file data-v4.tsv (TSV, C-alpha atoms)
chain	number	residue	atom	x	y	z
A	1024	MET	CA	77.19	30.46	39.15
A	1025	ASN	CA	77.23	29.47	42.80
A	1026	LYS	CA	77.52	25.84	43.90
A	1027	VAL	CA	73.76	25.36	44.23
A	1028	GLU	CA	73.03	26.74	40.77
A	1029	LYS	CA	75.75	24.53	39.29
A	1030	ARG	CA	74.51	21.42	41.04
A	1031	VAL	CA	70.91	22.07	40.03
A	1032	GLN	CA	71.95	22.78	36.44
A	1033	ASP	CA	74.13	19.68	36.23
A	1034	THR	CA	72.18	17.10	38.21
A	1035	ALA	CA	68.55	18.02	38.92
A	1036	GLU	CA	65.91	15.83	37.34
A	1037	THR	CA	62.64	17.24	36.12
A	1038	ILE	CA	59.14	15.88	35.71
A	1039	GLY	CA	56.91	17.76	33.33
A	1040	LYS	CA	57.08	21.54	33.37
A	1041	ASP	CA	57.18	22.25	37.06
A	1042	ILE	CA	58.70	19.50	39.19
A	1043	ILE	CA	62.41	19.80	39.93
A	1044	LYS	CA	63.79	16.80	41.78
A	1045	VAL	CA	66.82	17.23	44.03
A	1046	ASP	CA	66.18	14.18	46.16
A	1047	HIS	CA	69.77	13.10	45.60
A	1048	PHE	CA	71.39	15.87	47.64
A	1049	LEU	CA	68.76	17.97	49.37
A	1050	ASN	CA	65.50	16.44	50.47
A	1051	HIS	CA	65.81	12.69	50.77
A	1052	TYR	CA	69.48	11.85	50.45
A	1053	MET	CA	71.52	14.63	52.07
A	1054	ASP	CA	75.10	15.51	51.25
A	1055	VAL	CA	76.11	17.16	54.51
A	1056	ILE	CA	79.27	18.75	53.10
A	1057	PHE	CA	77.10	20.43	50.52
A	1058	LEU	CA	74.69	21.55	53.27
A	1059	GLU	CA	77.63	23.39	54.82
A	1060	ASP	CA	78.21	25.19	51.49
A	1061	ILE	CA	74.53	26.15	51.48
A	1062	ALA	CA	74.77	27.44	55.04
A	1063	SER	CA	77.81	29.55	54.12
A	1064	LEU	CA	75.92	31.15	51.24
A	1065	PHE	CA	73.03	32.05	53.55
A	1066	TYR	CA	75.48	33.32	56.15
A	1067	ASP	CA	77.09	35.66	53.63
A	1068	ALA	CA	73.67	36.95	52.61
A	1069	PHE	CA	72.30	37.55	56.11
A	1070	LYS	CA	75.24	37.95	58.48
A	1071	HIS	CA	74.76	41.75	58.66
A	1072	LEU	CA	71.37	41.27	60.30
A	1073	GLU	CA	71.09	40.42	63.95
A	1074	ILE	CA	69.49	37.02	63.45
A	1075	ASN	CA	68.86	35.32	66.79
A	1076	LYS	CA	66.83	32.28	65.72
A	1077	ILE	CA	66.13	30.17	62.64
A	1078	LEU	CA	62.58	29.14	61.74
A	1079	THR	CA	61.68	26.34	59.34
A	1080	CYS	CA	58.99	23.71	58.91
A	1081	GLU	CA	58.80	19.93	58.77
A	1082	ALA	CA	60.23	17.97	57.17
A	1083	SER	CA	62.89	18.61	54.57
A	1084	GLY	CA	63.63	22.13	55.79
A	1085	ILE	CA	64.96	20.82	59.09
A	1086	GLY	CA	68.26	19.37	57.91
A	1087	ILE	CA	69.20	22.55	56.07
A	1088	ALA	CA	68.05	24.79	58.92
A	1089	VAL	CA	70.17	22.92	61.47
A	1090	VAL	CA	73.34	23.56	59.50
A	1091	VAL	CA	72.36	27.21	59.00
A	1092	ALA	CA	71.71	27.52	62.74
A	1093	GLN	CA	75.19	26.11	63.44
A	1094	LYS	CA	76.70	28.70	61.13
A	1095	PHE	CA	74.85	31.58	62.81
A	1096	LYS	CA	75.41	30.05	66.27
A	1097	VAL	CA	71.72	30.32	67.13
A	1098	ASP	CA	68.93	27.89	67.94
A	1099	LEU	CA	66.12	26.94	65.64
A	1100	VAL	CA	62.47	26.11	65.84
A	1101	PHE	CA	60.61	24.06	63.30
A	1102	ALA	CA	56.87	24.32	62.73
A	1103	LYS	CA	55.18	20.96	63.07
A	1104	LYS	CA	52.73	19.70	60.50
A	1105	ARG	CA	49.61	18.55	62.24
A	1106	THR	CA	46.19	17.27	61.45
A	1107	LEU	CA	43.29	19.14	63.00
A	1108	ASP	CA	42.63	16.48	65.63
A	1109	TYR	CA	46.13	16.62	67.04
A	1110	ILE	CA	46.93	20.17	68.04
A	1111	ASN	CA	47.43	22.11	71.22
A	1112	PRO	CA	44.78	24.87	71.27
A	1113	SER	CA	47.29	27.47	72.49
A	1114	ASP	CA	49.80	26.87	69.66
A	1115	TYR	CA	50.33	29.44	66.95
A	1116	LYS	CA	48.90	27.88	63.83
A	1117	ALA	CA	48.47	28.45	60.11
A	1118	GLU	CA	46.69	26.40	57.49
A	1119	VAL	CA	48.92	25.64	54.52
A	1120	PHE	CA	47.74	24.24	51.20
A	1121	SER	CA	50.20	22.05	49.33
A	1122	TYR	CA	49.79	22.28	45.55
A	1123	THR	CA	52.07	19.27	45.17
A	1124	LYS	CA	50.00	17.07	47.47
A	1125	GLN	CA	46.66	18.82	46.89
A	1126	TYR	CA	45.65	19.02	50.52
A	1127	SER	CA	45.95	21.36	53.48
A	1128	THR	CA	47.96	20.80	56.62
A	1129	LEU	CA	48.31	22.88	59.75
A	1130	PHE	CA	51.67	24.33	60.76
A	1131	THR	CA	51.89	24.76	64.51
A	1132	VAL	CA	54.48	26.33	66.81
A	1133	ASN	CA	54.34	26.29	70.59
A	1134	GLN	CA	53.97	29.85	71.87
A	1135	ARG	CA	57.01	29.43	74.10
A	1136	TYR	CA	59.40	29.17	71.18
A	1137	LEU	CA	58.74	32.47	69.41
A	1138	LEU	CA	59.15	35.75	71.27
A	1139	PRO	CA	58.33	39.35	70.29
A	1140	THR	CA	62.06	40.12	70.48
A	1141	ASP	CA	62.99	37.42	67.95
A	1142	ARG	CA	64.67	38.44	64.70
A	1143	LEU	CA	64.09	35.38	62.58
A	1144	LEU	CA	65.70	33.95	59.50
A	1145	ILE	CA	63.19	31.65	57.81
A	1146	ILE	CA	64.79	28.78	55.89
A	1147	ASP	CA	63.24	26.27	53.50
A	1148	ASP	CA	64.34	24.00	50.70
A	1149	PHE	CA	61.86	25.12	48.03
A	1150	LEU	CA	59.79	28.20	47.27
A	1151	ALA	CA	57.05	27.79	44.66
A	1152	ASN	CA	53.59	29.23	45.26
A	1153	GLY	CA	54.76	30.42	48.64
A	1154	GLU	CA	52.02	28.75	50.68
A	1155	ALA	CA	54.40	27.27	53.27
A	1156	MET	CA	56.25	30.59	53.57
A	1157	ARG	CA	52.98	32.48	53.98
A	1158	GLY	CA	52.08	30.09	56.80
A	1159	LEU	CA	55.42	30.61	58.54
A	1160	ILE	CA	55.16	34.40	58.21
A	1161	ASP	CA	51.62	34.27	59.58
A	1162	ILE	CA	52.91	32.37	62.63
A	1163	VAL	CA	55.72	34.92	63.13
A	1164	LYS	CA	53.10	37.70	63.07
A	1165	GLN	CA	50.98	35.89	65.66
A	1166	ALA	CA	54.08	35.85	67.90
A	1167	LYS	CA	54.70	39.58	67.20
A	1168	ALA	CA	58.26	38.61	66.21
A	1169	SER	CA	60.15	39.93	63.16
A	1170	VAL	CA	61.13	38.26	59.90
A	1171	SER	CA	64.64	39.60	59.28
A	1172	GLY	CA	65.25	37.48	56.22
A	1173	ILE	CA	64.08	34.50	54.19
A	1174	GLY	CA	66.47	32.01	52.65
A	1175	VAL	CA	65.40	29.29	50.24
A	1176	VAL	CA	67.65	26.91	48.40
A	1177	ILE	CA	65.64	26.66	45.18
A	1178	GLU	CA	62.99	29.11	44.02
A	1179	LYS	CA	60.71	28.23	41.16
A	1180	GLY	CA	60.79	31.59	39.43
A	1181	PHE	CA	57.86	30.62	37.23
A	1182	GLN	CA	55.57	30.35	40.25
A	1183	PRO	CA	54.45	33.40	42.20
A	1184	GLY	CA	55.86	32.88	45.73
A	1185	GLY	CA	59.14	34.74	45.24
A	1186	GLN	CA	57.60	37.73	43.50
A	1187	TRP	CA	54.95	38.04	46.21
A	1188	LEU	CA	57.52	37.98	49.01
A	1189	ARG	CA	59.68	40.63	47.30
A	1190	GLU	CA	56.65	42.83	46.67
A	1191	GLN	CA	55.78	42.56	50.35
A	1192	GLY	CA	59.23	43.91	51.17
A	1193	TYR	CA	60.78	40.76	52.60
A	1194	LEU	CA	64.53	40.29	52.19
A	1195	LEU	CA	64.49	37.04	50.21
A	1196	ASN	CA	67.64	35.24	49.19
A	1197	SER	CA	67.12	32.31	46.83
A	1198	LEU	CA	70.36	30.48	46.18
A	1199	CYS	CA	69.07	29.21	42.84
A	1200	ILE	CA	66.12	30.57	40.87
A	1201	VAL	CA	64.80	28.28	38.15
A	1202	ASP	CA	62.97	30.35	35.56
A	1203	ASP	CA	61.93	27.64	33.21
A	1204	VAL	CA	61.84	23.90	32.60
A	1205	VAL	CA	61.42	22.94	28.94
A	1206	ASN	CA	61.88	19.36	27.78
A	1207	GLY	CA	63.93	18.62	30.85
A	1208	GLN	CA	66.19	21.64	30.25
A	1209	ILE	CA	66.46	23.93	33.25
A	1210	THR	CA	67.00	27.67	32.81
A	1211	ILE	CA	68.56	29.36	35.83
A	1212	ARG	CA	68.11	33.09	36.41
A	1213	GLU	CA	71.33	35.09	36.54
A	1214	GLN	CA	71.56	37.07	39.76
B	1480	MET	CA	75.29	10.96	84.06
B	1481	ASN	CA	75.93	12.13	80.53
B	1482	LYS	CA	74.62	15.47	79.25
B	1483	VAL	CA	71.44	14.00	77.79
B	1484	GLU	CA	70.52	12.15	80.98
B	1485	LYS	CA	71.15	15.30	82.99
B	1486	ARG	CA	69.06	17.47	80.70
B	1487	VAL	CA	66.19	14.98	80.65
B	1488	GLN	CA	66.33	14.60	84.42
B	1489	ASP	CA	66.41	18.35	85.03
B	1490	THR	CA	64.13	19.72	82.33
B	1491	ALA	CA	61.89	17.13	80.65
B	1492	GLU	CA	58.17	17.52	81.17
B	1493	THR	CA	55.89	14.52	81.47
B	1494	ILE	CA	52.27	13.86	80.68
B	1495	GLY	CA	50.72	10.91	82.46
B	1496	LYS	CA	52.82	7.79	82.77
B	1497	ASP	CA	54.37	7.54	79.36
B	1498	ILE	CA	54.80	10.84	77.55
B	1499	ILE	CA	58.17	12.55	77.99
B	1500	LYS	CA	58.29	15.98	76.38
B	1501	VAL	CA	61.63	17.35	75.20
B	1502	ASP	CA	60.19	19.82	72.72
B	1503	HIS	CA	62.35	22.53	74.24
B	1504	PHE	CA	65.68	21.17	73.02
B	1505	LEU	CA	65.17	18.18	70.76
B	1506	ASN	CA	62.09	17.90	68.61
B	1507	HIS	CA	60.50	21.30	68.12
B	1508	TYR	CA	62.93	23.87	69.44
B	1509	MET	CA	66.48	22.68	68.74
B	1510	ASP	CA	69.56	23.69	70.66
B	1511	VAL	CA	72.22	23.08	68.02
B	1512	ILE	CA	75.15	23.22	70.44
B	1513	PHE	CA	73.48	20.44	72.39
B	1514	LEU	CA	72.94	18.50	69.14
B	1515	GLU	CA	76.71	18.55	68.71
B	1516	ASP	CA	77.10	17.04	72.19
B	1517	ILE	CA	74.62	14.33	71.19
B	1518	ALA	CA	76.54	13.65	67.97
B	1519	SER	CA	79.79	13.33	69.94
B	1520	LEU	CA	78.24	10.74	72.25
B	1521	PHE	CA	77.07	8.69	69.27
B	1522	TYR	CA	80.46	9.09	67.64
B	1523	ASP	CA	82.21	7.70	70.70
B	1524	ALA	CA	79.81	4.75	70.75
B	1525	PHE	CA	80.04	3.83	67.08
B	1526	LYS	CA	83.34	5.20	65.73
B	1527	HIS	CA	84.95	1.72	65.74
B	1528	LEU	CA	82.46	0.54	63.13
B	1529	GLU	CA	82.88	1.43	59.49
B	1530	ILE	CA	79.70	3.46	59.23
B	1531	ASN	CA	79.32	4.88	55.73
B	1532	LYS	CA	75.81	6.35	55.88
B	1533	ILE	CA	73.25	7.53	58.41
B	1534	LEU	CA	69.60	6.51	58.12
B	1535	THR	CA	66.72	8.24	59.89
B	1536	CYS	CA	63.07	9.08	59.27
B	1537	GLU	CA	60.93	12.19	59.05
B	1538	ALA	CA	60.64	14.46	60.82
B	1539	SER	CA	62.32	15.07	64.14
B	1540	GLY	CA	65.09	12.54	63.50
B	1541	ILE	CA	66.46	14.62	60.64
B	1542	GLY	CA	68.02	17.45	62.64
B	1543	ILE	CA	69.87	15.06	64.93
B	1544	ALA	CA	70.93	12.81	62.07
B	1545	VAL	CA	72.44	15.70	60.10
B	1546	VAL	CA	74.74	16.61	62.99
B	1547	VAL	CA	75.67	12.93	63.49
B	1548	ALA	CA	76.42	12.66	59.75
B	1549	GLN	CA	78.70	15.71	60.00
B	1550	LYS	CA	80.55	14.08	62.88
B	1551	PHE	CA	81.04	10.80	60.97
B	1552	LYS	CA	81.75	12.70	57.72
B	1553	VAL	CA	79.18	10.64	55.82
B	1554	ASP	CA	75.93	11.36	54.01
B	1555	LEU	CA	72.49	10.54	55.28
B	1556	VAL	CA	69.18	9.39	53.93
B	1557	PHE	CA	65.88	9.97	55.62
B	1558	ALA	CA	62.84	7.79	55.07
B	1559	LYS	CA	59.84	9.81	53.95
B	1560	LYS	CA	56.47	9.42	55.55
B	1561	ARG	CA	53.88	8.97	52.87
B	1562	THR	CA	50.24	8.24	52.48
B	1563	LEU	CA	49.34	5.29	50.30
B	1564	ASP	CA	48.23	7.44	47.37
B	1565	TYR	CA	51.55	9.22	47.11
B	1566	ILE	CA	54.30	6.67	46.71
B	1567	ASN	CA	56.65	5.56	44.00
B	1568	PRO	CA	55.94	1.85	43.40
B	1569	SER	CA	59.65	1.01	43.20
B	1570	ASP	CA	60.52	2.57	46.58
B	1571	TYR	CA	61.45	0.43	49.54
B	1572	LYS	CA	58.56	0.75	51.96
B	1573	ALA	CA	57.40	-0.28	55.40
B	1574	GLU	CA	54.13	0.34	57.19
B	1575	VAL	CA	54.65	1.89	60.61
B	1576	PHE	CA	52.00	2.19	63.29
B	1577	SER	CA	52.28	5.16	65.63
B	1578	TYR	CA	50.93	4.43	69.10
B	1579	THR	CA	51.10	8.15	69.89
B	1580	LYS	CA	49.04	9.16	66.91
B	1581	GLN	CA	47.05	5.92	66.60
B	1582	TYR	CA	47.43	5.53	62.86
B	1583	SER	CA	49.77	3.94	60.35
B	1584	THR	CA	52.03	5.71	57.92
B	1585	LEU	CA	54.32	4.37	55.22
B	1586	PHE	CA	58.05	4.94	55.39
B	1587	THR	CA	59.58	5.01	51.93
B	1588	VAL	CA	63.15	5.20	50.65
B	1589	ASN	CA	64.14	5.49	47.01
B	1590	GLN	CA	66.05	2.35	45.98
B	1591	ARG	CA	68.95	4.46	44.74
B	1592	TYR	CA	69.88	5.65	48.21
B	1593	LEU	CA	70.50	2.35	49.98
B	1594	LEU	CA	73.07	-0.07	48.60
B	1595	PRO	CA	73.96	-3.65	49.61
B	1596	THR	CA	77.41	-2.38	50.58
B	1597	ASP	CA	76.02	0.17	53.04
B	1598	ARG	CA	76.94	-0.11	56.72
B	1599	LEU	CA	74.27	2.03	58.31
B	1600	LEU	CA	73.91	3.81	61.58
B	1601	ILE	CA	70.19	4.35	62.26
B	1602	ILE	CA	69.45	7.47	64.31
B	1603	ASP	CA	66.20	8.61	65.91
B	1604	ASP	CA	65.08	10.87	68.72
B	1605	PHE	CA	62.86	8.41	70.60
B	1606	LEU	CA	62.55	4.66	70.96
B	1607	ALA	CA	59.36	3.40	72.58
B	1608	ASN	CA	57.51	0.43	71.11
B	1609	GLY	CA	60.05	0.29	68.34
B	1610	GLU	CA	57.62	0.49	65.46
B	1611	ALA	CA	59.53	3.19	63.58
B	1612	MET	CA	62.81	1.33	64.13
B	1613	ARG	CA	61.26	-1.93	62.92
B	1614	GLY	CA	60.15	-0.10	59.76
B	1615	LEU	CA	63.62	1.31	59.14
B	1616	ILE	CA	65.26	-2.09	59.71
B	1617	ASP	CA	62.76	-3.67	57.34
B	1618	ILE	CA	63.73	-1.14	54.67
B	1619	VAL	CA	67.44	-1.83	55.23
B	1620	LYS	CA	66.75	-5.55	54.75
B	1621	GLN	CA	64.89	-4.87	51.51
B	1622	ALA	CA	68.02	-3.05	50.31
B	1623	LYS	CA	70.24	-5.98	51.46
B	1624	ALA	CA	72.30	-3.42	53.38
B	1625	SER	CA	73.60	-3.83	56.96
B	1626	VAL	CA	72.56	-2.18	60.20
B	1627	SER	CA	75.88	-1.58	61.96
B	1628	GLY	CA	74.37	0.29	64.87
B	1629	ILE	CA	71.30	2.05	66.20
B	1630	GLY	CA	71.49	5.28	68.16
B	1631	VAL	CA	68.52	6.86	69.91
B	1632	VAL	CA	68.56	9.89	72.13
B	1633	ILE	CA	65.85	8.80	74.56
B	1634	GLU	CA	64.64	5.24	75.08
B	1635	LYS	CA	61.49	4.59	77.04
B	1636	GLY	CA	62.76	1.61	79.00
B	1637	PHE	CA	59.25	0.75	80.12
B	1638	GLN	CA	58.16	0.06	76.57
B	1639	PRO	CA	59.41	-2.95	74.61
B	1640	GLY	CA	61.33	-1.49	71.64
B	1641	GLY	CA	64.77	-1.45	73.25
B	1642	GLN	CA	64.55	-4.94	74.68
B	1643	TRP	CA	63.38	-6.32	71.35
B	1644	LEU	CA	66.26	-4.71	69.46
B	1645	ARG	CA	68.85	-6.01	71.94
B	1646	GLU	CA	67.35	-9.51	71.82
B	1647	GLN	CA	67.60	-9.41	68.04
B	1648	GLY	CA	71.32	-8.72	68.42
B	1649	TYR	CA	71.37	-5.11	67.26
B	1650	LEU	CA	74.01	-2.82	68.72
B	1651	LEU	CA	71.73	-0.25	70.33
B	1652	ASN	CA	73.04	2.82	72.08
B	1653	SER	CA	70.42	4.87	73.92
B	1654	LEU	CA	71.90	8.04	75.35
B	1655	CYS	CA	69.22	8.18	78.03
B	1656	ILE	CA	66.96	5.33	79.13
B	1657	VAL	CA	63.91	6.39	81.12
B	1658	ASP	CA	62.73	3.45	83.21
B	1659	ASP	CA	59.80	5.04	84.91
B	1660	VAL	CA	57.63	8.14	85.15
B	1661	VAL	CA	55.69	8.42	88.41
B	1662	ASN	CA	53.87	11.62	89.36
B	1663	GLY	CA	56.06	13.58	86.99
B	1664	GLN	CA	59.25	12.10	88.48
B	1665	ILE	CA	61.55	10.54	85.90
B	1666	THR	CA	63.77	7.58	86.79
B	1667	ILE	CA	66.78	7.19	84.54
B	1668	ARG	CA	68.52	3.83	84.18
B	1669	GLU	CA	72.16	3.79	85.19
B	1670	GLN	CA	74.34	2.47	82.37

call {"tool": "encode", "arguments": {"input": "data-v4.tsv", "output": "structure tokens"}}
result
Amino acid sequence: MNKVEKRVQDTAETIGKDIIKVDHFLNHYMDVIFLEDIASLFYDAFKHLEINKILTCEASGIGIAVVVAQKFKVDLVFAKKRTLDYINPSDYKAEVFSYTKQYSTLFTVNQRYLLPTDRLLIIDDFLANGEAMRGLIDIVKQAKASVSGIGVVIEKGFQPGGQWLREQGYLLNSLCIVDDVVNGQITIREQ
Amino acid sequence: MNKVEKRVQDTAETIGKDIIKVDHFLNHYMDVIFLEDIASLFYDAFKHLEINKILTCEASGIGIAVVVAQKFKVDLVFAKKRTLDYINPSDYKAEVFSYTKQYSTLFTVNQRYLLPTDRLLIIDDFLANGEAMRGLIDIVKQAKASVSGIGVVIEKGFQPGGQWLREQGYLLNSLCIVDDVVNGQITIREQ
């Protein structure tokens, strides 16, 4: 078990069958020492690729992505979440539906910040249905840049995002895959 | 001139008389090496205080706050921006009006993450009218914690947030204070 799997196993809270709460170290309260452990795990997984930029999205991806960017010694760009009345017409954009919040938002990235020569590592905290990731990949395609790898801290293995990304041929590294939540008990996939 | 003042002077774009755009290094595209310079400036300003936690808010404050938290070797908590239909009733909360976006959002922080013993350094990218800062301070008061210092990267000196905070007795450190924008020319306050 890596440090993320252990921390999820030992401390994550659950609500019902599909909500895994890690507010206490990842996406509300942030343990920055632990973020450095996370960044090291992503670095080991992707250091053989010539990553030149990190891509993430607002909001909770940003803190993780910054520490990953430090580790790779590259810059990062985060997609902004916008409402339709507040966008720059020339931005790359993708509509993203949130199953958690039950509404759509727009991800936008200024065209200046993604180049056709970019070899991107996409970073996010969670992967579930994969809607946010699909939006980020769509934006990368609009910029004619390349997705070299995708790193997520926690994948919900019982939702289809991870399987879809792997089937599409993306190099996905999920530091912790939760296969099941039953009566508050979390089952983590061995990998 | 410190590094932030120089970078703002040399590279910031302006729109009209009051919008200063630093998307290219601070709040969309992030230059992580420069974030470390920013964190060092805040560290020099606040290291004599016994800061034990960093507080910021979604979204663009998070990246800066993480690097500041690394420098201080403390954890951080970021206030979430919520809509009214999506909050936990027990959270600390404050309504914050955005003059830029012309609507209000709620900042929320889970009660577990702010303690009466906390000596907080509040970090944000911009200070203008001070609405976001007022919301964060309000939340700190609800938690009976202390604001030891406030660090912002860019203060709009021609808007009232900074003056209000100083009059209230807060220890505010703005790395760059813009006093004026006239025909795209930025005037930076000497300090």

call {"tool": "atom_distance", "arguments": {"input": "data-v4.tsv", "atom1": "atom CA of Lys1094 of chain A", "atom2": "atom CA of Gly1158 of chain A"}}
result
25.0 Å

call {"tool": "interface_residues", "arguments": {"input": "data-v4.tsv", "of": "chain A", "to": "chain B", "cutoff": "9 Å", "atoms": "only C-alpha atoms", "output": "PyMOL selection string"}}
result
chain A and resi 1046-1047+1050-1056+1081-1083+1085-1090+1092-1093+1096-1103+1109+1124+1132-1133+1135-1136

call {"tool": "atom_distance", "arguments": {"input": "data-v4.tsv", "atom1": "atom CA of Ile1517 of chain B", "atom2": "atom CA of Glu1492 of chain B"}}
result
19.5 Å

call {"tool": "residues_around", "arguments": {"input": "data-v4.tsv", "residues": "Val1661 of chain B", "least_positions_apart": "3", "cutoff": "12 Å", "atoms": "all atoms listed in the file", "output": "mmCIF file with C-alpha atoms, in the coordinates of the input"}}
result
data_model
loop_
_atom_site.group_PDB
_atom_site.id
_atom_site.type_symbol
_atom_site.label_atom_id
_atom_site.label_comp_id
_atom_site.auth_asym_id
_atom_site.auth_seq_id
_atom_site.Cartn_x
_atom_site.Cartn_y
_atom_site.Cartn_z
ATOM 1 C CA GLU B 1492 58.170 17.520 81.170
ATOM 2 C CA THR B 1493 55.890 14.520 81.470
ATOM 3 C CA ILE B 1494 52.270 13.860 80.680
ATOM 4 C CA GLY B 1495 50.720 10.910 82.460
ATOM 5 C CA LYS B 1496 52.820 7.790 82.770
ATOM 6 C CA ASP B 1497 54.370 7.540 79.360
ATOM 7 C CA ILE B 1498 54.800 10.840 77.550
ATOM 8 C CA ILE B 1499 58.170 12.550 77.990
ATOM 9 C CA PHE B 1637 59.250 0.750 80.120
ATOM 10 C CA VAL B 1657 63.910 6.390 81.120
ATOM 11 C CA ASP B 1658 62.730 3.450 83.210
ATOM 12 C CA GLN B 1664 59.250 12.100 88.480
ATOM 13 C CA ILE B 1665 61.550 10.540 85.900
ATOM 14 C CA THR B 1666 63.770 7.580 86.790
ATOM 15 C CA ILE B 1667 66.780 7.190 84.540
#

call {"tool": "closest_residue", "arguments": {"input": "data-v4.tsv", "among": "B:Ile1633, B:Ala1611, B:Leu1644, B:Leu1599", "to": "Arg1668 of chain B", "atoms": "all atoms listed in the file"}}
result
B:Ile1633

call {"tool": "residues_near_point", "arguments": {"input": "data-v4.tsv", "point": "(68.8, -0.5, 66.0)", "cutoff": "12 Å", "atoms": "only C-alpha atoms", "output": "PyMOL selection string"}}
result
chain B and resi 1533-1535+1599-1603+1605-1606+1609-1617+1619+1625-1631+1634+1640-1653

call {"tool": "atom_distance", "arguments": {"input": "data-v4.tsv", "atom1": "atom CA of Ala1607 of chain B", "atom2": "atom CA of Ala1573 of chain B"}}
result
17.7 Å

call {"tool": "residues_near_point", "arguments": {"input": "data-v4.tsv", "point": "(56.6, 36.0, 71.6)", "cutoff": "7 Å", "atoms": "only C-alpha atoms", "output": "list in words"}}
result
Gln1134, Leu1137, Leu1138, Pro1139, Thr1140, Ala1166, Lys1167 and Ala1168 of chain A

call {"tool": "closest_residue", "arguments": {"input": "data-v4.tsv", "among": "B:Asp1659, B:Tyr1522, B:Val1632, B:Val1575", "to": "Glu1484 of chain B", "atoms": "all atoms listed in the file"}}
result
B:Val1632

call {"tool": "axis_aligned_box", "arguments": {"input": "data-v4.tsv", "around": "segment 1541-1554 of chain B", "padding_each_side": "4 Å", "output": "JSON"}}
result
{"center_x": 74.1, "center_y": 14.0, "center_z": 59.5, "size_x": 23.3, "size_y": 14.8, "size_z": 18.9}

call {"tool": "residues_around", "arguments": {"input": "data-v4.tsv", "residues": "Glu1118 of chain A", "least_positions_apart": "2", "cutoff": "8 Å", "atoms": "all atoms listed in the file", "output": "list in words"}}
result
Lys1116, Phe1120, Ser1127, Thr1128, Leu1129, Phe1130 and Gly1158 of chain A

call {"tool": "closest_residue", "arguments": {"input": "data-v4.tsv", "among": "A:Met1024, A:Lys1029, A:Lys1044, A:Phe1095", "to": "Gly1207 of chain A", "atoms": "all atoms listed in the file"}}
result
A:Lys1044
